>>> print(open('target10.txt').read())   # compact mmCIF, C-alpha atoms
# COMPACT_ATOMS: atom_id res chain seq x y z
CA MET S 60 -11.09 -23.76 9.86
CA PHE S 61 -9.98 -24.43 6.31
CA SER S 62 -6.94 -22.37 5.30
CA GLU S 63 -4.83 -21.81 2.22
CA PRO S 64 -1.75 -24.09 2.18
CA ARG S 65 1.56 -22.26 2.34
CA SER S 66 2.91 -24.61 -0.31
CA GLY S 67 0.12 -23.39 -2.59
CA ARG S 68 1.22 -19.78 -2.21
CA LEU S 69 4.85 -20.75 -2.75
CA ALA S 70 4.08 -22.77 -5.88
CA ALA S 71 1.73 -20.18 -7.36
CA TRP S 72 4.01 -17.19 -6.81
CA GLY S 73 7.13 -19.22 -7.53
CA ASN S 74 5.60 -20.05 -10.90
CA ALA S 75 4.69 -16.40 -11.48
CA LEU S 76 8.31 -15.50 -10.78
CA LEU S 77 9.56 -18.15 -13.20
CA ALA S 78 7.13 -16.91 -15.85
CA GLY S 79 8.42 -13.35 -15.48
CA VAL S 80 5.04 -11.93 -14.44
CA ALA S 81 6.04 -11.21 -10.82
CA SER S 82 9.17 -9.62 -9.40
CA PRO S 83 11.28 -11.49 -6.82
CA ASP S 84 10.26 -9.09 -4.05
CA ASP S 85 6.55 -9.25 -4.91
CA ALA S 86 6.64 -13.05 -5.08
CA ALA S 87 8.39 -13.30 -1.70
CA LEU S 88 5.92 -10.89 -0.06
CA ALA S 89 2.95 -12.84 -1.41
CA ILE S 90 4.37 -16.17 -0.23
CA VAL S 91 5.05 -14.87 3.29
CA GLY S 92 1.55 -13.39 3.54
CA ASP S 93 0.60 -12.77 7.16
CA ASP S 94 3.58 -14.71 8.53
CA ALA S 95 6.53 -12.87 10.05
CA VAL S 96 9.31 -14.42 8.02
CA HIS S 97 10.11 -17.39 5.75
CA ARG S 98 13.55 -18.93 5.35
CA VAL S 99 14.85 -21.92 3.38
CA ALA S 100 17.20 -24.44 5.04
CA GLY S 101 19.28 -27.10 3.32
CA LEU S 102 19.65 -25.16 0.09
CA PRO S 103 22.57 -26.49 -1.97
CA GLY S 104 25.62 -24.31 -1.42
CA GLU S 105 24.28 -22.68 1.77
CA ALA S 106 25.29 -23.79 5.27
CA GLU S 107 22.62 -21.65 6.97
CA PRO S 108 18.96 -20.85 6.22
CA VAL S 109 18.51 -18.09 3.64
CA GLY S 110 15.68 -15.78 2.59
CA LEU S 111 13.03 -16.70 0.05
CA THR S 112 14.26 -14.36 -2.67
CA LEU S 113 17.74 -15.83 -2.65
CA ALA S 114 16.41 -19.40 -2.36
CA LEU S 115 13.97 -19.17 -5.26
CA GLY S 116 16.62 -17.60 -7.46
CA ARG S 117 19.16 -20.29 -6.53
CA LEU S 118 16.69 -23.09 -7.24
CA ARG S 119 15.90 -21.54 -10.60
CA ARG S 120 19.59 -21.55 -11.48
CA LEU S 121 19.78 -25.17 -10.35
CA GLY S 122 17.19 -26.05 -12.97
CA VAL S 123 13.74 -25.68 -11.39
CA THR S 124 11.35 -24.60 -14.15
CA GLY S 125 8.08 -24.89 -12.24
CA TRP S 126 6.50 -25.73 -8.90
CA ARG S 127 3.86 -28.31 -8.07
CA VAL S 128 1.95 -28.81 -4.81
CA ALA S 129 1.49 -31.94 -2.72
CA LEU S 130 -1.26 -32.17 -0.06
CA PRO S 131 -0.84 -35.69 1.32
CA ALA S 132 -2.91 -37.34 4.03
CA PRO S 133 -2.59 -40.76 5.70
CA GLY S 134 -3.18 -43.38 3.02
CA HIS S 135 -3.27 -40.76 0.27
CA PRO S 136 0.15 -39.51 -0.99
CA LEU S 137 -1.50 -36.81 -3.11
CA GLY S 138 1.05 -35.02 -5.29
CA LEU S 139 4.10 -36.87 -3.98
CA SER S 140 6.65 -38.77 -6.05
CA GLY S 141 9.24 -39.85 -3.47
CA PRO S 142 11.71 -40.64 -2.13
CA PRO S 143 10.33 -42.01 1.17
CA GLU S 144 12.25 -39.50 3.31
CA PHE S 145 10.66 -36.54 1.52
CA ASN S 146 7.23 -38.18 1.52
CA ALA S 147 7.39 -38.78 5.27
CA LEU S 148 8.20 -35.14 6.05
CA ALA S 149 5.55 -33.90 3.62
CA LEU S 150 2.96 -36.18 5.20
CA GLU S 151 3.85 -34.89 8.65
CA ALA S 152 3.46 -31.29 7.41
CA THR S 153 0.39 -32.28 5.29
CA GLU S 154 1.88 -30.29 2.39
CA ALA S 155 4.95 -29.63 0.25
CA ALA S 156 6.10 -27.76 -2.84
CA VAL S 157 7.79 -29.99 -5.42
CA GLY S 158 10.17 -28.58 -8.01
CA HIS S 159 9.78 -29.47 -11.68
CA GLY S 160 12.85 -29.63 -13.90
CA ALA S 161 15.28 -30.26 -11.04
CA PRO S 162 15.05 -32.75 -8.12
CA TYR S 163 14.31 -30.38 -5.23
CA GLY S 164 11.31 -30.07 -2.94
CA LEU S 165 10.38 -27.80 -0.04
CA VAL S 166 8.54 -28.85 3.13
CA PRO S 167 7.37 -26.15 5.57
CA GLU S 168 8.04 -26.24 9.30
CA VAL S 169 5.86 -23.70 11.13
CA TYR S 170 6.90 -22.11 14.43
CA GLU S 171 4.52 -19.97 16.46
CA ALA S 172 5.28 -17.74 19.43
CA GLY S 173 3.15 -15.16 21.24
CA SER S 174 2.39 -13.75 24.65
CA GLY S 175 -1.36 -13.27 24.31
CA PRO S 176 -4.41 -15.30 23.33
CA GLY S 177 -5.33 -13.19 20.30
CA ALA S 178 -4.23 -13.94 16.76
CA ALA S 179 -2.55 -10.54 16.54
CA ASP S 180 -0.11 -11.60 19.25
CA VAL S 181 1.08 -14.71 17.42
CA HIS S 182 4.43 -14.45 15.65
CA VAL S 183 4.72 -17.08 12.90
CA GLU S 184 8.00 -18.10 11.31
CA VAL S 185 8.31 -20.73 8.58
CA VAL S 186 11.41 -22.71 7.68
CA TRP S 187 11.22 -24.55 4.36
CA ARG S 188 13.37 -27.69 4.34
CA CYS S 189 14.96 -28.21 0.93
CA LEU S 190 15.28 -31.92 0.16
CA PRO S 191 15.88 -34.14 -2.88
CA VAL S 192 12.80 -35.44 -4.68
CA ARG S 193 12.32 -38.16 -7.26
CA ASP S 194 11.73 -37.26 -10.90
CA ALA S 195 8.42 -39.08 -11.36
CA PRO S 196 4.75 -38.19 -12.01
CA PRO S 197 2.95 -36.91 -8.88
CA ALA S 198 0.52 -39.34 -7.27
CA ASP S 199 -3.23 -39.12 -7.90
CA VAL S 200 -3.41 -35.60 -9.38
CA PRO S 201 -6.38 -35.12 -11.75
CA SER S 202 -6.60 -32.81 -14.72
CA LEU S 203 -8.42 -29.50 -14.24
CA GLY S 204 -11.39 -30.84 -16.17
CA GLU S 205 -11.60 -33.98 -14.06
CA ALA S 206 -11.23 -31.96 -10.86
CA GLU S 207 -14.04 -29.58 -11.84
CA ARG S 208 -16.43 -32.43 -12.62
CA GLU S 209 -15.55 -34.27 -9.39
CA LEU S 210 -16.07 -31.11 -7.31
CA ALA S 211 -19.50 -30.38 -8.75
CA GLU S 212 -20.66 -33.93 -8.06
CA ALA S 213 -19.12 -34.04 -4.58
CA LEU S 214 -20.70 -30.73 -3.60
CA ARG S 215 -24.18 -31.95 -4.64
CA GLU S 216 -23.80 -35.26 -2.83
CA ALA S 217 -22.37 -33.73 0.35
CA THR S 218 -25.03 -31.02 0.55
CA ASP S 219 -27.77 -33.63 0.15
CA VAL S 220 -26.33 -35.98 2.78
CA LEU S 221 -25.58 -33.22 5.30
CA SER S 222 -29.04 -31.72 4.85
CA ARG S 223 -30.67 -35.10 5.53
CA LEU S 224 -28.52 -35.50 8.65
CA ASP S 225 -29.36 -31.95 9.77
CA VAL S 226 -25.70 -30.96 9.97
CA ALA S 227 -25.09 -27.25 10.39
CA ALA S 228 -22.72 -27.07 7.40
CA SER S 229 -25.65 -27.24 5.00
CA GLY S 230 -27.54 -24.19 6.27
CA PRO S 231 -27.33 -20.40 6.59
CA VAL S 232 -24.86 -20.53 9.49
CA ALA S 233 -22.37 -22.29 7.23
CA GLU S 234 -23.03 -19.84 4.40
CA ALA S 235 -22.36 -16.90 6.71
CA ALA S 236 -19.13 -18.49 7.97
CA ILE S 237 -17.98 -19.19 4.41
CA ASP S 238 -18.79 -15.67 3.24
CA ALA S 239 -16.89 -14.17 6.19
CA TYR S 240 -13.87 -16.38 5.54
CA ARG S 241 -13.85 -15.57 1.83
CA ALA S 242 -14.07 -11.83 2.55
CA ARG S 243 -11.01 -12.07 4.82
CA ALA S 244 -9.11 -14.37 2.47
CA GLU S 245 -9.81 -12.37 -0.66
CA ALA S 246 -8.98 -8.95 0.80
CA GLY S 247 -5.89 -7.71 -1.00
CA ARG S 248 -4.97 -10.97 -2.75
CA GLU S 249 -5.74 -12.97 -5.85
CA ALA S 250 -7.04 -16.54 -5.78
CA LEU S 251 -3.93 -17.52 -7.74
CA ALA S 252 -0.84 -15.67 -8.86
CA PRO S 253 -0.67 -13.98 -12.29
CA GLY S 254 -0.09 -16.31 -15.23
CA TYR S 255 -2.59 -19.02 -14.27
CA PRO S 256 -5.44 -19.94 -16.63
CA PRO S 257 -8.97 -18.81 -15.63
CA ARG S 258 -10.11 -22.41 -15.29
CA ALA S 259 -7.48 -23.04 -12.61
CA VAL S 260 -8.78 -20.02 -10.66
CA ARG S 261 -12.34 -21.32 -10.97
CA VAL S 262 -11.38 -24.82 -9.82
CA LEU S 263 -9.38 -23.50 -6.86
CA GLU S 264 -12.23 -21.25 -5.70
CA LEU S 265 -14.71 -24.13 -5.88
CA ALA S 266 -12.29 -26.44 -4.08
CA GLN S 267 -11.88 -23.86 -1.33
CA ARG S 268 -15.63 -23.56 -0.98
CA VAL S 269 -16.04 -27.34 -0.72
CA GLY S 270 -13.18 -27.47 1.80
CA LEU S 271 -14.90 -24.79 3.88
CA LEU S 272 -18.15 -26.75 3.90
CA VAL S 273 -16.28 -29.76 5.25
CA SER S 274 -14.49 -27.66 7.88
CA VAL S 275 -17.69 -26.02 9.08
CA ALA S 276 -19.44 -29.39 9.25
CA TYR S 277 -16.69 -30.80 11.46
CA GLU S 278 -16.35 -27.72 13.66
CA ASN S 279 -20.05 -26.97 14.24
CA GLY S 280 -20.78 -30.12 16.15
CA HIS S 281 -23.10 -32.88 15.05
CA GLY S 282 -26.20 -30.85 14.24
CA GLY S 283 -29.09 -33.26 14.41
CA ALA S 284 -26.85 -36.30 13.93
CA VAL S 285 -26.95 -37.52 17.51
CA SER S 286 -26.82 -41.29 17.08
CA ALA S 287 -23.61 -43.19 16.49
CA SER S 288 -24.88 -44.39 13.12
CA GLU S 289 -25.77 -40.85 12.02
CA MET S 290 -22.36 -39.55 13.15
CA ALA S 291 -20.69 -42.35 11.20
CA ALA S 292 -22.79 -41.50 8.15
CA ARG S 293 -21.68 -37.89 8.39
CA GLY S 294 -18.03 -38.96 8.50
CA GLU S 295 -18.54 -41.25 5.52
CA ALA S 296 -20.07 -38.36 3.60
CA LEU S 297 -17.34 -35.87 4.45
CA ARG S 298 -14.21 -37.95 3.95
CA PRO S 299 -14.53 -38.49 0.19
CA VAL S 300 -15.62 -34.87 -0.30
CA GLU S 301 -12.56 -33.60 1.55
CA ARG S 302 -10.40 -35.88 -0.60
CA VAL S 303 -11.95 -34.51 -3.80
CA ALA S 304 -11.37 -30.93 -2.60
CA ARG S 305 -7.70 -31.61 -1.89
CA ARG S 306 -7.21 -33.26 -5.30
CA ALA S 307 -8.80 -30.26 -7.00
CA GLN S 308 -6.62 -27.81 -5.06
CA VAL S 309 -3.51 -29.63 -6.23
CA ALA S 310 -4.76 -29.72 -9.81
CA ALA S 311 -5.33 -25.96 -9.75
CA TYR S 312 -1.93 -25.09 -8.28
CA ASN S 313 -0.21 -27.51 -10.66
CA ALA S 314 -1.91 -26.11 -13.77
CA TYR S 315 1.05 -23.88 -14.61
CA VAL S 316 3.43 -26.86 -14.89
CA GLU S 317 0.85 -29.07 -16.61
CA GLU S 318 0.23 -26.46 -19.30
CA ARG S 319 3.96 -25.98 -19.87
CA GLU S 320 4.35 -29.74 -20.30
CA ARG S 321 1.59 -29.74 -22.91
CA GLY S 322 3.14 -26.75 -24.66
CA VAL S 323 0.12 -24.50 -24.02
>>> encode(input="target10.txt", output="structure tokens")
Amino acid sequence: MFSEPRSGRLAAWGNALLAGVASPDDAALAIVGDDAVHRVAGLPGEAEPVGLTLALGRLRRLGVTGWRVALPAPGHPLGLSGPPEFNALALEATEAAVGHGAPYGLVPEVYEAGSGPGAADVHVEVVWRCLPVRDAPPADVPSLGEAERELAEALREATDVLSRLDVAASGPVAEAAIDAYRARAEAGREALAPGYPPRAVRVLELAQRVGLLVSVAYENGHGGAVSASEMAARGEALRPVERVARRAQVAAYNAYVEERERGV
């Protein structure tokens, strides 16, 4: 099922911390979320992994003035700017947080341990690898306006195609699954951290909804699409929609830095 990227939480709350609208402790708690603990390894001046509060403060003193998000996929280095070593690790993790103002990026490594089959038994620890990044524009990130227009068009096209193929993601089962996910996701948290413009919140919420439609379509089987050609058509419909949703997510998370660059 579609889930919020950890790099998105780190960028959003890291930006709120930099803007002075969130305290270090509140930002760290929001970034960790339901995980057990987050640490940062490879931080300049530290031989061992350190806690988030110390790491974010150190990176700020090293010159980081904002955080962007990268959500790369094979053949689509969305949000990345290099070098190749950082890009490769970010692609493996499918996400990264990229510092603005100083050449540092963070890639999450997620470790899970638990004795039982239930989610409550799983203990999740995250180690963020701090690595050098290249000072260059991020790849393929649209403006908020472009992202909003692309999402609206993609949602219409995907709903039409999936309905014609009788895929479950276009019906009431999908709506119920999306509503249940949103209720869980929204309980006790904001869509974005304080300090983000309302349009960024709107774009992120729509991107999450589109991403959920894609997830439900993939996870609920083939619906009525039983032939190979129909299954291929479903894949062709979903892939560009998923790409649009990822681009819009990145645009929303990156809005804080983009507005600062424009002097808004």
>>> closest_residue(input="target10.txt", among="S:Val128, S:Val96, S:Val316, S:Val262", to="S:Glu171", atoms="all atoms listed in the file")
S:Val96
>>> closest_residue(input="target10.txt", among="S:Gly67, S:Pro103, S:Pro299, S:Pro108", to="S:Glu212", atoms="all atoms listed in the file")
S:Pro299
>>> closest_residue(input="target10.txt", among="S:Ala296, S:Ala155, S:Ala132, S:Leu139", to="S:Ala213", atoms="only C-alpha atoms")
S:Ala296
>>> atom_distance(input="target10.txt", atom1="atom CA of S:His182", atom2="atom CA of S:Val109")
18.9 Å
>>> atom_distance(input="target10.txt", atom1="atom CA of S:Ala87", atom2="atom CA of S:Arg319")
22.6 Å
>>> residues_around(input="target10.txt", residues="S:Leu210", least_positions_apart="4", cutoff="7 Å", atoms="all atoms listed in the file", output="count of residues only")
5
>>> closest_residue(input="target10.txt", among="S:Ala70, S:Leu271, S:Leu111, S:Ala129", to="S:Leu88", atoms="all atoms listed in the file")
S:Leu111
>>> atom_distance(input="target10.txt", atom1="atom CA of S:Ala95", atom2="atom CA of S:Leu130")
23.1 Å
>>> closest_residue(input="target10.txt", among="S:His97, S:His159, S:Arg193, S:Arg298", to="S:Asn146", atoms="only C-alpha atoms")
S:Arg193
>>> residues_around(input="target10.txt", residues="S:Glu154", least_positions_apart="2", cutoff="12 Å", atoms="only C-alpha atoms", output="ChimeraX atom specification")
/S:63-70,127-133,135-139,145-152,156-157,164-169,187-188,305,308-309
>>> closest_residue(input="target10.txt", among="S:Glu301, S:Glu207, S:Glu320, S:Glu295", to="S:Val275", atoms="only C-alpha atoms")
S:Glu301
>>> axis_aligned_box(input="target10.txt", around="stretch 125-133 of chain S", padding_each_side="4 Å", output="lines of an AutoDock Vina configuration file")
center_x = 2.6
center_y = -32.8
center_z = -3.3
size_x = 19.0
size_y = 23.9
size_z = 25.9
>>> residues_around(input="target10.txt", residues="S:Ala172", least_positions_apart="4", cutoff="10 Å", atoms="only C-alpha atoms", output="short mmCIF file (atom, residue, chain, number, x, y, z; two decimals) with C-alpha atoms, in the coordinates of the input")
data_model
loop_
_atom_site.label_atom_id
_atom_site.label_comp_id
_atom_site.auth_asym_id
_atom_site.auth_seq_id
_atom_site.Cartn_x
_atom_site.Cartn_y
_atom_site.Cartn_z
CA ASP S 180 -0.11 -11.60 19.25
CA VAL S 181 1.08 -14.71 17.42
CA HIS S 182 4.43 -14.45 15.65
CA VAL S 183 4.72 -17.08 12.90
CA GLU S 184 8.00 -18.10 11.31
#
>>> decode(input="target10.txt", residues="stretch 145-173 of chain S", atoms="C-alpha atoms", output="compact mmCIF listing (two decimals), in the first residue's frame")
# COMPACT_ATOMS: atom_id res chain seq x y z
CA PHE S 145 24.59 9.26 -3.99
CA ASN S 146 22.17 8.64 -6.86
CA ALA S 147 22.78 4.89 -6.72
CA LEU S 148 22.04 4.67 -2.99
CA ALA S 149 18.97 6.90 -3.35
CA LEU S 150 17.67 4.75 -6.20
CA GLU S 151 18.14 1.62 -4.11
CA ALA S 152 16.20 3.24 -1.25
CA THR S 153 13.71 4.83 -3.72
CA GLU S 154 14.06 8.12 -1.81
CA ALA S 155 16.43 10.68 -0.32
CA ALA S 156 16.50 14.10 1.33
CA VAL S 157 18.82 16.56 -0.41
CA GLY S 158 20.23 19.58 1.40
CA HIS S 159 20.05 23.03 -0.16
CA GLY S 160 22.76 25.57 0.58
CA ALA S 161 25.39 22.97 1.47
CA PRO S 162 26.40 19.76 -0.38
CA TYR S 163 24.90 17.12 1.92
CA GLY S 164 22.19 14.53 1.35
CA LEU S 165 20.57 11.85 3.49
CA VAL S 166 19.52 8.38 2.32
CA PRO S 167 17.47 6.16 4.67
CA GLU S 168 18.33 2.57 5.47
CA VAL S 169 15.40 0.82 7.17
CA TYR S 170 15.86 -2.11 9.56
CA GLU S 171 12.92 -4.14 10.85
CA ALA S 172 12.85 -6.69 13.64
CA GLY S 173 9.94 -8.41 15.39
